[in-house]
Amino acid sequence: MNPRVLLIDDEKEFVTTLAERLEIREFSTATAEDGETGLALIRKGTFDVVILDLLMPGMNGLETLKHIRHLAPDLPVILLTGHGSTREGMDGMRLGAVDYLMKPLAIEDLLEKIKEALAS
Amino acid sequence: MSTPASDLTTTALMGSVTAPATHDLMNVLAIINEHAGLLSDLLQFGGPEALTPEHLEKGIAAIATQVTRGRTLLTHLNRLAHAPDPNPSPVDVGLVTEEIVALTQRRFHARLAAPASSGIVTCDPVRVRLLIFRLLEAACHPTQQEETLVTVTSQGATLDITLEGHRPLEHPDPLAEEIGALLTSHHHTHTLSLKITD
């Protein structure tokens, strides 16, 4: 079965295009544009890894991460940040994210992080 | 005109406004990057017929949209960067409001309900920007789930900036008095009135 990736980011163009690129590489994907929708998808389905943006309106990335840890403690979460610093990414790792990446992404870096997350 | 804004005020303005704006610019680049990457992927992995004219048109249109978005953000950022210039030109507070709303959109989820009226006001360009920023911060929805609507209208010699927000103002902002503006508040609606320069 193809690895199932859930992408949560409020930038629709970004998240749908990245999902398309992952599907070309034989991942199965689902997308959500806010934390609440992402959590609803996690409650309903099974995912192997979550890619989660940190800065979103409504429930932000760190809040969403806390809920994910409660709902699915073993589900690996990779954070995305558009910030120019690594502080928010480090905060996320303290809350249980496996890693973080800065936007714009190099697809090779993301694939490597997903591979590591799936192996963990 | 009053004395120029202090270094502390200028730094507060620059830090507060450029943080959400540069985050937005990262997203602009990220979207361009993904669309360009998708076109490249389709060429590389999809076989000779995978990259259709529709794919190309969609990718090009998306990139063009993001270039426009990025250019708008950079135009506003450039105008902001010149706010602390010595001997500033008169301030069009309508344009300044549009600038601050656009640069902080990601943080406050505010938007102009209609194009802002133009209104030249004799006031410190840093203080007036910081005041608009603080009003947006005070009025916006705590988790940005609902928009704050901003209108800028001129009536005679007065320019009114009205924020239809989600919270009452807890205390009046002293910056309003410093720039010679009148700040009034009724429930969640806050209005800043400035005298237009002849």
# chains A, B, ... in the order shown; residues from 1 in each chain; ligands from 1
$ closest_atom_pairs --of "chain B" --to "chain A" --cutoff "7 Å" --atoms "only C-alpha atoms" --output "tab-separated table"
residue	atom	partner	partner_atom	distance
B:His23	CA	A:Gly82	CA	5.1
B:Met26	CA	A:Gly82	CA	5.4
B:Asn27	CA	A:Gly82	CA	6.6
B:Leu29	CA	A:Pro104	CA	6.0
B:Ala30	CA	A:Pro104	CA	4.1
B:Ile31	CA	A:Phe14	CA	4.8
B:Asn33	CA	A:Pro104	CA	6.6
B:Glu34	CA	A:Leu18	CA	6.0
B:His35	CA	A:Thr17	CA	6.4
B:Leu38	CA	A:Arg21	CA	5.8
B:Thr143	CA	A:Gly58	CA	4.8
B:Gln144	CA	A:Pro57	CA	5.3
B:Gln145	CA	A:Gly58	CA	4.9
$ residues_around --residues "Met93 (chain A)" --least-positions-apart "4" --cutoff "12 Å" --atoms "only C-alpha atoms" --output "number ranges by chain"
A: 54, 61-62, 65-66, 69, 76-80, 86-89, 97-101
$ closest_residue --among "B:His55, B:Arg69, B:Arg107, B:Arg127" --to "Met14 (chain B)" --atoms "only C-alpha atoms"
B:Arg127
$ atom_distance --atom1 "CA of Gln66 (chain B)" --atom2 "CA of Gln105 (chain B)"
15.5 Å
$ residues_around --residues "region 181-198 of chain B" --least-positions-apart "3" --cutoff "9 Å" --atoms "only C-alpha atoms" --output "MDAnalysis selection string"
chainID B and resid 90 93 119:122 132 135 139 154 156:169 172:173 175:178
$ write_last_selection --atoms "C-alpha atoms" --output "PDB file, in the first residue's frame"
ATOM      1  CA  PRO B  90       2.833  64.349   3.673  1.00  0.00           C
ATOM      2  CA  VAL B  93      -3.404  57.858   5.481  1.00  0.00           C
ATOM      3  CA  GLY B 119      -6.559  61.696   2.568  1.00  0.00           C
ATOM      4  CA  ILE B 120      -3.361  63.674   3.091  1.00  0.00           C
ATOM      5  CA  VAL B 121      -2.724  64.202   6.788  1.00  0.00           C
ATOM      6  CA  THR B 122       0.092  66.079   8.510  1.00  0.00           C
ATOM      7  CA  ILE B 132      -3.226  51.419  12.848  1.00  0.00           C
ATOM      8  CA  LEU B 135      -5.851  49.045  16.521  1.00  0.00           C
ATOM      9  CA  ALA B 139      -9.811  44.628  17.385  1.00  0.00           C
ATOM     10  CA  SER B 154     -13.439  61.071   3.914  1.00  0.00           C
ATOM     11  CA  GLY B 156     -15.259  67.116   4.429  1.00  0.00           C
ATOM     12  CA  ALA B 157     -11.965  67.786   6.161  1.00  0.00           C
ATOM     13  CA  THR B 158     -11.975  64.535   8.127  1.00  0.00           C
ATOM     14  CA  LEU B 159     -10.654  61.109   7.234  1.00  0.00           C
ATOM     15  CA  ASP B 160     -12.223  58.248   9.206  1.00  0.00           C
ATOM     16  CA  ILE B 161     -10.643  54.836   9.554  1.00  0.00           C
ATOM     17  CA  THR B 162     -13.258  52.438  10.936  1.00  0.00           C
ATOM     18  CA  LEU B 163     -12.517  48.925  12.131  1.00  0.00           C
ATOM     19  CA  GLU B 164     -15.428  46.537  12.596  1.00  0.00           C
ATOM     20  CA  GLY B 165     -13.663  44.139  14.899  1.00  0.00           C
ATOM     21  CA  HIS B 166     -14.421  41.472  17.461  1.00  0.00           C
ATOM     22  CA  ARG B 167     -13.266  42.997  20.727  1.00  0.00           C
ATOM     23  CA  PRO B 168     -13.777  46.225  22.645  1.00  0.00           C
ATOM     24  CA  LEU B 169     -10.790  48.541  23.080  1.00  0.00           C
ATOM     25  CA  PRO B 172      -7.339  54.376  24.613  1.00  0.00           C
ATOM     26  CA  ASP B 173      -4.068  54.380  22.723  1.00  0.00           C
ATOM     27  CA  LEU B 175      -0.525  57.405  20.039  1.00  0.00           C
ATOM     28  CA  ALA B 176      -3.869  58.790  18.823  1.00  0.00           C
ATOM     29  CA  GLU B 177      -3.381  61.980  20.827  1.00  0.00           C
ATOM     30  CA  GLU B 178       0.286  62.157  19.825  1.00  0.00           C
TER      31      GLU B 178
END
$ residues_around --residues "Val67 (chain B)" --least-positions-apart "4" --cutoff "8 Å" --atoms "only C-alpha atoms" --output "VMD selection string"
chain B and resid 28 63 71
$ write_last_selection --atoms "N, CA, C and O atoms" --output "PDB file, in the first residue's frame"
ATOM      1  N   VAL B  28       4.465  32.902  -0.951  1.00  0.00           N
ATOM      2  CA  VAL B  28       4.454  33.224  -2.387  1.00  0.00           C
ATOM      3  C   VAL B  28       5.532  32.405  -3.098  1.00  0.00           C
ATOM      4  O   VAL B  28       5.280  31.742  -4.114  1.00  0.00           O
ATOM      5  N   ILE B  63       1.522  30.854 -11.203  1.00  0.00           N
ATOM      6  CA  ILE B  63       2.784  31.573 -10.960  1.00  0.00           C
ATOM      7  C   ILE B  63       2.570  33.074 -11.160  1.00  0.00           C
ATOM      8  O   ILE B  63       3.019  33.893 -10.348  1.00  0.00           O
ATOM      9  N   ARG B  71       4.579  41.086  -5.691  1.00  0.00           N
ATOM     10  CA  ARG B  71       4.903  42.465  -6.063  1.00  0.00           C
ATOM     11  C   ARG B  71       4.121  43.452  -5.187  1.00  0.00           C
ATOM     12  O   ARG B  71       4.663  44.454  -4.732  1.00  0.00           O
TER      13      ARG B  71
END
$ select_by_dssp --residues "chain A" --states "strand (DSSP E or B)" --output "JSON list (two decimals) with all heavy atoms, in the first residue's frame"
[["chain", "number", "residue", "atom", "x", "y", "z"],
["A", 4, "ARG", "N", 0.46, 6.92, 3.23],
["A", 4, "ARG", "CA", -0.63, 7.93, 3.24],
["A", 4, "ARG", "C", -0.15, 9.18, 3.98],
["A", 4, "ARG", "O", 0.22, 9.11, 5.15],
["A", 4, "ARG", "CB", -1.86, 7.34, 3.93],
["A", 4, "ARG", "CG", -2.53, 6.24, 3.09],
["A", 4, "ARG", "CD", -3.18, 5.22, 3.96],
["A", 4, "ARG", "NE", -2.18, 4.60, 4.85],
["A", 4, "ARG", "CZ", -2.45, 3.59, 5.67],
["A", 4, "ARG", "NH1", -3.66, 3.12, 5.75],
["A", 4, "ARG", "NH2", -1.50, 3.08, 6.43],
["A", 5, "VAL", "N", -0.19, 10.28, 3.25],
["A", 5, "VAL", "CA", 0.31, 11.55, 3.79],
["A", 5, "VAL", "C", -0.84, 12.54, 3.92],
["A", 5, "VAL", "O", -1.59, 12.75, 2.97],
["A", 5, "VAL", "CB", 1.39, 12.15, 2.86],
["A", 5, "VAL", "CG1", 1.95, 13.45, 3.44],
["A", 5, "VAL", "CG2", 2.52, 11.15, 2.61],
["A", 6, "LEU", "N", -0.96, 13.14, 5.09],
["A", 6, "LEU", "CA", -1.95, 14.22, 5.28],
["A", 6, "LEU", "C", -1.20, 15.55, 5.32],
["A", 6, "LEU", "O", -0.27, 15.73, 6.11],
["A", 6, "LEU", "CB", -2.71, 14.02, 6.60],
["A", 6, "LEU", "CG", -3.62, 15.17, 7.04],
["A", 6, "LEU", "CD1", -4.73, 15.42, 6.01],
["A", 6, "LEU", "CD2", -4.24, 14.88, 8.40],
["A", 7, "LEU", "N", -1.61, 16.46, 4.43],
["A", 7, "LEU", "CA", -0.98, 17.79, 4.38],
["A", 7, "LEU", "C", -1.96, 18.83, 4.94],
["A", 7, "LEU", "O", -3.09, 18.93, 4.46],
["A", 7, "LEU", "CB", -0.61, 18.16, 2.94],
["A", 7, "LEU", "CG", 0.35, 17.19, 2.26],
["A", 7, "LEU", "CD1", -0.30, 16.54, 1.06],
["A", 7, "LEU", "CD2", 1.62, 17.89, 1.85],
["A", 8, "ILE", "N", -1.51, 19.61, 5.92],
["A", 8, "ILE", "CA", -2.36, 20.64, 6.53],
["A", 8, "ILE", "C", -1.67, 22.00, 6.39],
["A", 8, "ILE", "O", -0.59, 22.22, 6.95],
["A", 8, "ILE", "CB", -2.62, 20.35, 8.03],
["A", 8, "ILE", "CG1", -3.12, 18.92, 8.24],
["A", 8, "ILE", "CG2", -3.62, 21.36, 8.60],
["A", 8, "ILE", "CD1", -3.25, 18.51, 9.72],
["A", 28, "SER", "N", -0.14, 8.35, -1.29],
["A", 28, "SER", "CA", -1.56, 8.64, -1.25],
["A", 28, "SER", "C", -1.74, 9.87, -0.35],
["A", 28, "SER", "O", -1.15, 9.92, 0.73],
["A", 28, "SER", "CB", -2.29, 7.43, -0.67],
["A", 28, "SER", "OG", -3.62, 7.74, -0.44],
["A", 29, "THR", "N", -2.48, 10.87, -0.81],
["A", 29, "THR", "CA", -2.52, 12.13, -0.04],
["A", 29, "THR", "C", -3.94, 12.57, 0.29],
["A", 29, "THR", "O", -4.89, 12.22, -0.40],
["A", 29, "THR", "CB", -1.84, 13.29, -0.81],
["A", 29, "THR", "OG1", -2.61, 13.60, -1.97],
["A", 29, "THR", "CG2", -0.41, 12.96, -1.20],
["A", 30, "ALA", "N", -4.03, 13.33, 1.36],
["A", 30, "ALA", "CA", -5.26, 14.07, 1.68],
["A", 30, "ALA", "C", -4.80, 15.45, 2.12],
["A", 30, "ALA", "O", -3.69, 15.60, 2.63],
["A", 30, "ALA", "CB", -6.03, 13.38, 2.79],
["A", 31, "THR", "N", -5.66, 16.46, 1.90],
["A", 31, "THR", "CA", -5.27, 17.83, 2.27],
["A", 31, "THR", "C", -6.33, 18.48, 3.15],
["A", 31, "THR", "O", -7.51, 18.16, 3.07],
["A", 31, "THR", "CB", -5.06, 18.72, 1.02],
["A", 31, "THR", "OG1", -6.29, 18.82, 0.30],
["A", 31, "THR", "CG2", -3.99, 18.15, 0.11],
["A", 32, "ALA", "N", -5.86, 19.38, 3.99],
["A", 32, "ALA", "CA", -6.77, 20.16, 4.84],
["A", 32, "ALA", "C", -6.21, 21.58, 4.89],
["A", 32, "ALA", "O", -5.00, 21.77, 4.93],
["A", 32, "ALA", "CB", -6.86, 19.57, 6.23],
["A", 49, "VAL", "N", 1.94, 9.69, 7.89],
["A", 49, "VAL", "CA", 2.71, 10.87, 8.26],
["A", 49, "VAL", "C", 1.87, 12.12, 8.00],
["A", 49, "VAL", "O", 1.02, 12.13, 7.10],
["A", 49, "VAL", "CB", 4.07, 10.91, 7.49],
["A", 49, "VAL", "CG1", 3.86, 11.00, 5.99],
["A", 49, "VAL", "CG2", 4.97, 12.02, 7.97],
["A", 50, "VAL", "N", 2.09, 13.14, 8.81],
["A", 50, "VAL", "CA", 1.39, 14.42, 8.63],
["A", 50, "VAL", "C", 2.42, 15.51, 8.34],
["A", 50, "VAL", "O", 3.46, 15.58, 9.00],
["A", 50, "VAL", "CB", 0.59, 14.80, 9.90],
["A", 50, "VAL", "CG1", -0.04, 16.19, 9.76],
["A", 50, "VAL", "CG2", -0.48, 13.77, 10.20],
["A", 51, "ILE", "N", 2.13, 16.33, 7.33],
["A", 51, "ILE", "CA", 2.93, 17.53, 7.06],
["A", 51, "ILE", "C", 2.08, 18.71, 7.52],
["A", 51, "ILE", "O", 0.98, 18.91, 7.00],
["A", 51, "ILE", "CB", 3.22, 17.68, 5.53],
["A", 51, "ILE", "CG1", 3.67, 16.36, 4.90],
["A", 51, "ILE", "CG2", 4.21, 18.81, 5.28],
["A", 51, "ILE", "CD1", 4.99, 15.86, 5.33],
["A", 52, "LEU", "N", 2.58, 19.48, 8.46],
["A", 52, "LEU", "CA", 1.75, 20.48, 9.13],
["A", 52, "LEU", "C", 2.40, 21.86, 9.12],
["A", 52, "LEU", "O", 3.53, 22.03, 9.62],
["A", 52, "LEU", "CB", 1.53, 20.01, 10.59],
["A", 52, "LEU", "CG", 0.84, 20.97, 11.56],
["A", 52, "LEU", "CD1", -0.60, 21.25, 11.13],
["A", 52, "LEU", "CD2", 0.87, 20.38, 12.97],
["A", 53, "ASP", "N", 1.67, 22.84, 8.58],
["A", 53, "ASP", "CA", 2.17, 24.23, 8.60],
["A", 53, "ASP", "C", 2.00, 24.82, 10.01],
["A", 53, "ASP", "O", 1.03, 24.51, 10.70],
["A", 53, "ASP", "CB", 1.37, 25.07, 7.59],
["A", 53, "ASP", "CG", 1.95, 26.47, 7.43],
["A", 53, "ASP", "OD1", 3.19, 26.61, 7.47],
["A", 53, "ASP", "OD2", 1.18, 27.42, 7.26],
["A", 77, "VAL", "N", 4.79, 13.65, 12.71],
["A", 77, "VAL", "CA", 4.40, 14.96, 12.18],
["A", 77, "VAL", "C", 5.65, 15.72, 11.78],
["A", 77, "VAL", "O", 6.58, 15.87, 12.58],
["A", 77, "VAL", "CB", 3.60, 15.77, 13.21],
["A", 77, "VAL", "CG1", 3.27, 17.18, 12.67],
["A", 77, "VAL", "CG2", 2.32, 15.04, 13.61],
["A", 78, "ILE", "N", 5.68, 16.18, 10.54],
["A", 78, "ILE", "CA", 6.78, 17.04, 10.05],
["A", 78, "ILE", "C", 6.20, 18.46, 9.92],
["A", 78, "ILE", "O", 5.15, 18.65, 9.29],
["A", 78, "ILE", "CB", 7.30, 16.56, 8.69],
["A", 78, "ILE", "CG1", 7.88, 15.14, 8.81],
["A", 78, "ILE", "CG2", 8.36, 17.53, 8.14],
["A", 78, "ILE", "CD1", 8.13, 14.45, 7.48],
["A", 79, "LEU", "N", 6.86, 19.42, 10.51],
["A", 79, "LEU", "CA", 6.36, 20.79, 10.51],
["A", 79, "LEU", "C", 6.93, 21.58, 9.34],
["A", 79, "LEU", "O", 8.07, 21.36, 8.93],
["A", 79, "LEU", "CB", 6.73, 21.49, 11.82],
["A", 79, "LEU", "CG", 6.16, 20.86, 13.08],
["A", 79, "LEU", "CD1", 6.77, 21.53, 14.31],
["A", 79, "LEU", "CD2", 4.64, 20.98, 13.12],
["A", 80, "LEU", "N", 6.12, 22.52, 8.85],
["A", 80, "LEU", "CA", 6.59, 23.47, 7.84],
["A", 80, "LEU", "C", 6.53, 24.86, 8.43],
["A", 80, "LEU", "O", 5.56, 25.21, 9.12],
["A", 80, "LEU", "CB", 5.67, 23.45, 6.61],
["A", 80, "LEU", "CG", 5.54, 22.13, 5.86],
["A", 80, "LEU", "CD1", 4.59, 22.33, 4.67],
["A", 80, "LEU", "CD2", 6.89, 21.65, 5.37],
["A", 81, "THR", "N", 7.54, 25.64, 8.18],
["A", 81, "THR", "CA", 7.51, 27.01, 8.66],
["A", 81, "THR", "C", 7.95, 27.98, 7.57],
["A", 81, "THR", "O", 8.88, 27.69, 6.81],
["A", 81, "THR", "CB", 8.37, 27.19, 9.94],
["A", 81, "THR", "OG1", 8.41, 28.57, 10.26],
["A", 81, "THR", "CG2", 9.77, 26.66, 9.77],
["A", 99, "ASP", "N", 10.34, 16.39, 12.92],
["A", 99, "ASP", "CA", 11.31, 17.25, 12.22],
["A", 99, "ASP", "C", 10.58, 18.49, 11.71],
["A", 99, "ASP", "O", 9.36, 18.59, 11.82],
["A", 99, "ASP", "CB", 11.95, 16.51, 11.04],
["A", 99, "ASP", "CG", 13.43, 16.85, 10.91],
["A", 99, "ASP", "OD1", 13.78, 18.01, 11.21],
["A", 99, "ASP", "OD2", 14.21, 15.98, 10.53],
["A", 100, "TYR", "N", 11.32, 19.42, 11.13],
["A", 100, "TYR", "CA", 10.68, 20.58, 10.52],
["A", 100, "TYR", "C", 11.47, 21.01, 9.29],
["A", 100, "TYR", "O", 12.66, 20.71, 9.16],
["A", 100, "TYR", "CB", 10.55, 21.74, 11.50],
["A", 100, "TYR", "CG", 11.86, 22.35, 11.94],
["A", 100, "TYR", "CD1", 12.41, 23.43, 11.25],
["A", 100, "TYR", "CD2", 12.55, 21.84, 13.02],
["A", 100, "TYR", "CE1", 13.60, 24.00, 11.63],
["A", 100, "TYR", "CE2", 13.75, 22.39, 13.42],
["A", 100, "TYR", "CZ", 14.27, 23.46, 12.72],
["A", 100, "TYR", "OH", 15.47, 24.00, 13.10],
["A", 101, "LEU", "N", 10.77, 21.66, 8.39],
["A", 101, "LEU", "CA", 11.38, 22.17, 7.15],
["A", 101, "LEU", "C", 10.94, 23.60, 6.93],
["A", 101, "LEU", "O", 9.85, 24.00, 7.32],
["A", 101, "LEU", "CB", 10.91, 21.33, 5.95],
["A", 101, "LEU", "CG", 11.52, 19.94, 5.80],
["A", 101, "LEU", "CD1", 10.71, 19.14, 4.79],
["A", 101, "LEU", "CD2", 12.97, 20.02, 5.36],
["A", 102, "MET", "N", 11.79, 24.37, 6.27],
["A", 102, "MET", "CA", 11.46, 25.77, 5.96],
["A", 102, "MET", "C", 10.90, 25.86, 4.54],
["A", 102, "MET", "O", 11.39, 25.20, 3.63],
["A", 102, "MET", "CB", 12.73, 26.62, 6.02],
["A", 102, "MET", "CG", 13.45, 26.53, 7.34],
["A", 102, "MET", "SD", 12.87, 27.77, 8.43],
["A", 102, "MET", "CE", 14.41, 28.49, 8.92]]
$ select_by_dssp --residues "region 39-91 of chain A" --states "helix (DSSP H, G or I)" --output "VMD selection string"
chain A and resid 39 to 44 61 to 71 87 to 91
$ closest_residue --among "B:Asn87, B:His141, B:His109, B:Ile32" --to "Thr65 (chain B)" --atoms "only C-alpha atoms"
B:Ile32
$ atom_distance --atom1 "CA of Asp41 (chain B)" --atom2 "CA of Thr22 (chain B)"
27.9 Å
